[in-house]
Each structure stands twice: as C-alpha cells, then as structure tokens.
Amino acid sequence: MYSSKLIMKRIILIVAVFQIAFSVSAQKRELTLSESVLQQNRTLRPESMNAFAWIPTTNDYTYASANYQSLFKATVNNTQAVEWLKIADVNAVLSASLPNFYGYTWKDAQTLFLTNGQDYYAYNVVSKTGKKLVSLPKEAQNSVFEPSTMNVAFTIDNNLSVAKSDGSIIQITKNTDKNIVSGQSIARNEFGISGGIFWSPNGNALAYYQKDETDVTNYPLVDITETPATLMNIKYPMAGQGSEKPSVGIFALATGKLVIIQPLHGSDNYLTNLSWTPDEKFVLIAEVNRDQNHYWLNCFDAQTGVFVRTILEETNDKWVEPEHPAFFPSNLSTNFVWISEKDGFNNLYYYTIEGKLIKQLTSNKFVVKNIATAINNGKEIVFSSTGISPLNTLYYLVDLNGKQRCLTIEEGTHSLSFNSSGTYFFDQFSSHLVPNKCELKSKNGNTVTTLLVAKNKLADIQIGSADIGQIKGKDGSTLYTRMIKPSNFDPTKKYPVLVYVYGGPHAQMITNSWLDGANLWMYWMAEQGYIVFTLDNRGSGERGFAFESQIHRQLGTVEMEDQLSGVSYLKSLPFIDSSRLAVHGWSFGGFMTNSLMLRNPGVFNVGVAGGPVTDWKYYEIMYGERYMDRPDQNKEGYEQASLFTHAKNLKGDLLLIHGSVDDVVVPQHNYALNKKFIELGIQVDFFTYPMHKHNVVGKDRVHLIEKVLKYVIENN
C-alpha cells in the first residue's frame with residue numbers, strides 16, 4: 001500500500017505537470033488565415049542555407065543570407081562561415097543596382113556571374129573588380145545566359161535574338177507571321193519541356209524550339225482593365241482539333257548559318273527532350289507521335305540539320321512520355337544515359353550514340369526522378385529517386401557497371417550538390433519530423449559536419465498535427481493518406497471533414513517533407529474544428545506506370561473509387577461525423593470535386609471546385625489526348641467523364657470558382673457547366689476572380705482561401 005503522504009506528493013506532481021502544460025499551451029498564439037496563406041514560404045518557412053554553391057575546383061562554398069543581401073563563405077575543413085560579400089559593395093564596384101545575390105553563379109574560383117534579369121555582370125572576388133557583360137532590351141524575355149562566351153539568348157515577342165558580350169545583337173529569327181513562335185516553350189510545357197533555348201556545350205551554336213500555331217484555334221479572353229474591355233486572344237489547342245506544328249532551329253554563331261529540323265513521322269507530332277552531344281556535332285531530339293503511344297529518339301547533324309539515325313524507339317498501347325533529355329556523363333564521350341519507363345518504373349539505360357544498349361544501369365521497382373550529375377570522370381551517375389517509399393526523395397549513386405548505393409540514408413525529401421572533384425556533397429533535407437537540416441557529406445554518404453538544424457517556426461503557434469497513413473484500395477493498391485487534426489483533438493468527439501483532393505497525373509499531395517506536402521491553411525481549418533484529409537489515388541505520381549496508367553481513357557473513374565475508399569476509411573473512425581463531409585480541389589482537383597459531387601451524390605454535403613475541367617473535349621491536346629485519346633476515338637470515355645452527363649444528380653451545396661483569364665483550364669469549362677445547371681433548374685454558387693489566370697496568386701489568394709473555407713464551414 002502507498003502512504004497518504006506519497007499519494008499526496010504524486011497528486012501535487014500531476015497537478016504541476018498539467019499546470020505547466022496548460023501554461024505552455026496558453027502561451028501559443030493563433031495562426032491567422034492570412035498568415036497561413038501568405039507566410040508559409042516566407043516568415044514561417046524553416047531556416048535554410050539559401051543559394052548554396054560550391055566554388056569551382058575547391059572545397060569552399062558560399063550561400064546567401066536570408067534576404068540575399070550578403071554572401072557567406074566557408075570550407076569543408078572550416079565550416080565557420082563568415083560574411084564575405086555584400087551586394088552594396090559589389091554594386092559600388094560595378095556601378096550597378098543589383099537588388100540582391102539571387103541567381104548568382106560561379107564561373108571559376110575567382111569569378112561570379114550576377115544578373116537582375118536584364119543586365120549581366122562578372123565580378124572578380126579576388127581583385128574586387130568587375131564589368132557589365134550584356135544589357136538586354138527592356139522587352140526581352142526568356143533569357144538564357146551562356147557562361148563560356150558570356151552571350152545571352154532572349155526573345156522579344158515571337159522572335160529569338162542573341163546579345164553578344166561585344167555589345168552587338170544578332171536577330172536569329174524575323175517572324176512576321178504571329179503564328180510562328182521561336183525560342184519559347186512548346187507543347188504546352190508537357191513532356192518535361194520548360195523552355196525553348198538550348199546553348200551548345202561550348203556556346204558556339206544555339207538550338208531552339210519553334211512552333212507554327214496556324215492550325216490552332218484562337219481562344220478569347222477579356223481584359224477588363226481597359227475601357228472599354230479589350231479582347232485577348234490566345235492560342236489554345238483543344239482535344240481533337242488542330243495542333244501546333246513543331247520544329248527545331250540550330251544557329252551557328254560564327255557563320256550565321258541556320259538549319260531547321262522537322263518531325264520525321266508527322267507534322268503535328270511532338271519534339272522534346274533536346275540535348276547536344278559534348279562535341280557539339282549532334283543534336284538528339286525525341287519525337288512523339290500525336291497519339292502519344294510511340295516515340296523515337298533521333299540524332300541529327302548539328303551543322304546541316306540532316307537526320308543521322310534513330311537511336312532508340314518505344315511504344316505502349318496506353319502512352320509513352322519521355323520527359324528527360326539524354327544525359328552525357330563525360331565530356332570526352334558521346335555515350336549517354338537515357339531515362340525510360342519501359343519496364344514499369346523510370347530506370348537508367350546506358351547507350352552509345354549509335355543506339356547500342358551498353359548496360360541497363362538500374363532495375364529498381366521504384367521511380368528514378370532525375371539525373372543530378374556525374375562524378376569520377378563520368379564513371380558514376382548521381383540521381384534522385386523515391387527509394388522504396390514513394391513519399392521520399394533520396395539520392396543514389398550508380399557506376400557504369402550498374403553497382404548502386406544510396407547516398408542519403410535518412411528518409412525524407414533531399415536535395416544535394418556535389419563539389420567539382422566529386423569528393424563532398426551538400427545535402428539539404430526535411431521530413432515529417434525535421435523542418436530542415438543541412439549537412440556536408442563525403443562521397444560515401446557519411447556526414448562530415450552538420451551545418452544547420454532549423455528550428456520549428458510553428459512551435460509557438462497553436463496548430464494540430466498530421467498523421468501519415470496507408471489504406472488499401474479495392475484493387476489492392478497501397479494508398480497514402482494525410483490526416484490533419486486540431487491541436488485540441490478529442491477522440492471522444494465527432495468531427496466534420498474537409499477532403500482536399502487533386503488526384504491527377506504527375507502530382508503527389510503527400511510527401512515525407514516538412515508539413516508532409518500540406519498547406520498551412522489546412523492547419524488553420526483544422527483549428528476551426530475540422531479533420532482535413534487527403535489521399536493520393538491511382539493515377540497520381542511517383543508510383544510507376546501500372547499504378548498511374550489505370551486512368552487511361554477513363555479519367556475520374558478509378559480515381560474516385562480510391563477517394564471513396566478513403567471516405568469509407570473515414571467513416572470507420574469513431575471520431576468522424578460521417579454526416580458532415582466536404583470536398584475541395586483545384587484544376588484536376590476541381591474536376592475530381594465535381595465528379596465526386598455529381599457521380600456519387602449524397603456522399604459529400606459540400607463541394608468547392610476551383611478551375612475545374614468539366615469536359616475533356618475542352619482541354620488541351622497534349623495532356624488530354626495522352627490520357628483520354630481523341631474525342632472521336634473514345635466517345636464513351638469522354639461522355640462518362642463529362643460533368644454535363646451527371647449534372648442532374650447534384651445533391652448538396654456546390655461552389656464553382658474560376659479565374660476570368662485562365663489560359664490553362666479556360667473559363668468555358670465552368671461557364672458551360674454553370675449553363676447546364678441553369679438549364680436543369682439546379683441552384684449552384686459561382687464566383688470568378690477577375691484578371692487571374694489558372695491560380696489565384698498574391699494577396700488575392702487570401703480572399704480565395706477565405707471564400708473556400710467559409711463556404712465549407714457555413715454549409716457543412
């Protein structure tokens with residue numbers, strides 16, 4: 001038996017612990033909705049080593065201060081960083097007005113390149129001297145700097161030019177037809193395309209994408225900032241209609257010779273994944289047929305534009321989607337690494353320029369994301385991958401014999417940078433439990449020193465927690481879930497739920513990173529007494545071809561099946577109020593929100609669909625035809641996926657939102673669905689954000705999130 005004195009001491013101790021816990025909790029402040037939207041990646045972002053860069057041929061490194069006004073310097077053997085350069089001092093030397101060090105790069109151990117986007121400078125950190133290299137016209141866009149020659153390629157309107165370091169400008173294209181666009185992204189940024197200008201390795205020539213949009217329909221958008229409002233036509237290729245015709249130009253700076261390369265197998269096929277061989281003799285281009293079930297990796301002579309050979313080709317009865325250019329590990333060889341999904345997961349294949357497969361370097365049953373670099377004179381390849389868990393981003397090293405090892409053992413989301421000699425790398429990562437950690441590691445992955453362990457900037461804010469889990473889909477697939485609970489969560493209570501959904505290809509909502517891929521406004525919503533739930537369904541990214549391709553020709557079907565498995569899981573939990581479920585998503589998530597409301601009426605009381613696709617015949621060719629084929633090839637699939645087919649089934653409250661100048665999911669989607677509801681005599685709510693494109697950004701985003709969440713709270 002315990003003595004009464006001992007019992008009393010324990011009671012006092014327990015009371016004291018509760019008082020301390022209450023005191024700590026009471027000191028925490030509330031998160032405002034505005035703060036959750038605007039400050040997640042600003043003041044509430046974990047501390048990091050901004051713009052980390054190795055100084056070439058050394059073990060020294062630099063990084064920028066939080067406001068990018070200073071550069072700090074340290075070395076592997078002495079990681080005590082010192083403030084080394086101030087932008088004000090650099091500006092004084094250059095007679096410049098550079099706002100900060102954002103975007104700085106190293107040319108060599110002594111020379112920094114700096115730019116404000118229009119003016120380009122070189123600064124010698126040893127002699128404290130420098131000069132302006134190039135000044136672009138004010139109208140210039142899409143500029144790409146070439147460090148060897150210090151020339152800059154850029155576009156004005158639809159034409160491409162080069163500003164040379166001697167002050168002259170070469171205009172490469174002189175398109176008077178506005179349908180011809182040079183030096184910009186093509187194919188609506190699909191197939192991994194993110195730009196249209198490609199300098200050769202030594203800067204002697206310039207390749208660029210060009211598109212002829214003559215057959216692409218004009219789509220009308222309206223600029224209401226003018227009086228009266230004016231028409232803003234954009235080119236928008238809808239599924240099954242006329243598409244752009246691509247080509248590649250190659251311009252030799254010394255001779256001024258320009259050659260044009262066309263697709264070999266169809267004028268409206270796609271050209272993508274452009275790369276130069278290290279010797280500048282050849283250009284490799286992937287050609288994808290319009291049906292997107294066949295591609296060829298073709299080699300062209302860079303001087304003449306003449307087709308040399310097809311190096312490899314792939315077919316698939318669903319789709320093929322090359323997204324990565326050929327990677328050349330060594331400057332002394334034309335052997336290259338190609339990323340292919342042909343065995344079900346992105347893996348690395350080592351080829352000769354003649355098309356001989358030397359070695360399949362990886363045979364992983366998980367996804368290679370990207371190739372980072374090559375070290376050891378090109379004998380070892382560093383690449384990012386999910387590893388066994390699709391929530392991670394880890395880095396691996398594989399040699400040319402296929403021997404592979406993981407460089408970043410700690411699970412989470414990593415980014416890394418090797419020094420010139422390949423002996424050390426900088427590793428920055430976060431995870432479910434780690435806001436941010438920066439480490440220096442040796443080539444074998446061992447930690448040399450920890451440079452930064454970021455504090456949790458949310459520690460003094462009253463927010464809840466996220467649980468990452470798994471459920472099984474009806475087909476047996478593992479589906480990952482994220483559940484955000486309020487800070488005062490009580491398992492004996494019943495909570496309403498907001499399901500946040502995306503569900504589309506290439507996207508992954510749940511990651512092993514700080515906040516697990518969630519937005520801070522979800523934590524604000526949880527504090528209002530909600531459970532905020534997200535599930536990555538079949539069709540979403542980083543899971544391999546079999547998992548992703550089940551959506552082919554039936555967008556929305558298996559995705560909804562998985563989302564409803566998530567709903568069944570929620571309803572099995574004792575703390576869920578299954579009579580109060582709401583759903584919200586944007587873009588593909590808007591399509592999913594509407595689909596769940598209309599094709600499964602009564603499951604959700606409330607839906608808020610932002611920027612939704614409502615009928616895939618209104619969406620762009622490059623994306624839509626990959627997953628749905630053309631409308632005349634898949635009439636049943638288009639009809640079943642169309643929200644107009646199911647509009648009559650609506651139960652509950654639905655808010656439709658769209659940007660008035662959305663050039664990705666054009667406003668016709670929501671206008672047409674709204675019209676259908678009116679014809680059916682069904683009341684819905686509709687809200688537009690004037691002069692916003694596909695995403696509502698800036699301070700207006702606070703208005704958007706408030707609109708969405710208040711609608712859910714008031715109607716659920």
# chains A, B, ... in the order shown; residues from 1 in each chain; ligands from 1
$ select_by_dssp --residues "stretch 193-257 of chain A" --states "strand (DSSP E or B)" --output "PyMOL selection string"
chain A and resi 197-199+205-212+218-223+230-235+238+245-252
$ write_last_selection --atoms "C-alpha atoms" --output "PDB file, in the first residue's frame"
ATOM      1  CA  ILE A 197      16.527  27.807 -75.838  1.00  0.00           C
ATOM      2  CA  PHE A 198      19.475  25.378 -75.737  1.00  0.00           C
ATOM      3  CA  TRP A 199      23.080  26.556 -75.947  1.00  0.00           C
ATOM      4  CA  ALA A 205      25.724  27.292 -81.517  1.00  0.00           C
ATOM      5  CA  LEU A 206      22.178  27.697 -80.333  1.00  0.00           C
ATOM      6  CA  ALA A 207      19.266  25.288 -80.748  1.00  0.00           C
ATOM      7  CA  TYR A 208      15.713  26.390 -80.130  1.00  0.00           C
ATOM      8  CA  TYR A 209      12.146  25.181 -80.312  1.00  0.00           C
ATOM      9  CA  GLN A 210       9.784  26.736 -82.815  1.00  0.00           C
ATOM     10  CA  LYS A 211       6.065  26.199 -83.269  1.00  0.00           C
ATOM     11  CA  ASP A 212       3.632  27.038 -86.031  1.00  0.00           C
ATOM     12  CA  ASN A 218      -7.845  31.412 -81.160  1.00  0.00           C
ATOM     13  CA  TYR A 219      -9.491  31.402 -77.751  1.00  0.00           C
ATOM     14  CA  PRO A 220     -10.983  34.695 -76.472  1.00  0.00           C
ATOM     15  CA  LEU A 221     -10.130  36.105 -73.061  1.00  0.00           C
ATOM     16  CA  VAL A 222     -11.192  39.579 -71.951  1.00  0.00           C
ATOM     17  CA  ASP A 223      -9.042  42.278 -70.354  1.00  0.00           C
ATOM     18  CA  THR A 230     -10.429  44.523 -74.854  1.00  0.00           C
ATOM     19  CA  LEU A 231     -10.101  41.100 -76.428  1.00  0.00           C
ATOM     20  CA  MET A 232      -7.034  38.981 -75.563  1.00  0.00           C
ATOM     21  CA  ASN A 233      -6.872  36.090 -77.975  1.00  0.00           C
ATOM     22  CA  ILE A 234      -4.661  33.178 -77.004  1.00  0.00           C
ATOM     23  CA  LYS A 235      -3.814  30.062 -78.969  1.00  0.00           C
ATOM     24  CA  MET A 238      -8.408  21.687 -77.715  1.00  0.00           C
ATOM     25  CA  LYS A 245       3.471  22.071 -85.735  1.00  0.00           C
ATOM     26  CA  PRO A 246       6.887  21.989 -84.039  1.00  0.00           C
ATOM     27  CA  SER A 247      10.398  22.314 -85.401  1.00  0.00           C
ATOM     28  CA  VAL A 248      13.907  22.847 -84.066  1.00  0.00           C
ATOM     29  CA  GLY A 249      16.256  25.532 -85.319  1.00  0.00           C
ATOM     30  CA  ILE A 250      20.040  25.358 -84.972  1.00  0.00           C
ATOM     31  CA  PHE A 251      22.030  28.557 -85.406  1.00  0.00           C
ATOM     32  CA  ALA A 252      25.847  28.679 -85.711  1.00  0.00           C
TER      33      ALA A 252
END
$ residues_around --residues "A:Leu564" --least-positions-apart "2" --cutoff "10 Å" --atoms "only C-alpha atoms" --output "list in words"
Gly473, Lys474, Leu535, Asn537, Val558, Glu559, Met560, Glu561, Asp562, Gly566, Val567, Ser568, Tyr569, Leu570, Leu596, Asn600 and Val603 of chain A
$ closest_residue --among "A:Thr413, A:Ser513, A:Ser642, A:Asn436" --to "A:Ser48" --atoms "only C-alpha atoms"
A:Asn436
$ residues_around --residues "A:Val337" --least-positions-apart "6" --cutoff "6 Å" --atoms "only C-alpha atoms" --output "PyMOL selection string"
chain A and resi 326-327+349-350
$ write_last_selection --atoms "N, CA and C atoms" --output "PDB file, in the first residue's frame"
ATOM      1  N   ALA A 326      18.694  13.277 -73.072  1.00  0.00           N
ATOM      2  CA  ALA A 326      19.849  12.392 -72.926  1.00  0.00           C
ATOM      3  C   ALA A 326      20.890  13.075 -72.035  1.00  0.00           C
ATOM      4  N   PHE A 327      21.484  12.285 -71.156  1.00  0.00           N
ATOM      5  CA  PHE A 327      22.498  12.805 -70.226  1.00  0.00           C
ATOM      6  C   PHE A 327      23.848  12.199 -70.584  1.00  0.00           C
ATOM      7  N   TYR A 349      19.347   3.761 -68.478  1.00  0.00           N
ATOM      8  CA  TYR A 349      19.891   2.900 -69.524  1.00  0.00           C
ATOM      9  C   TYR A 349      21.071   3.624 -70.177  1.00  0.00           C
ATOM     10  N   TYR A 350      22.163   2.899 -70.375  1.00  0.00           N
ATOM     11  CA  TYR A 350      23.400   3.479 -70.903  1.00  0.00           C
ATOM     12  C   TYR A 350      23.573   3.045 -72.358  1.00  0.00           C
TER      13      TYR A 350
END
$ closest_residue --among "A:Ile156, A:Val367, A:Ile705, A:Leu258" --to "A:Lys342" --atoms "only C-alpha atoms"
A:Val367
$ residues_around --residues "A:Val90" --least-positions-apart "6" --cutoff "12 Å" --atoms "only C-alpha atoms" --output "number ranges by chain"
A: 69-71, 84, 96-101, 112-115, 121-125, 127-132
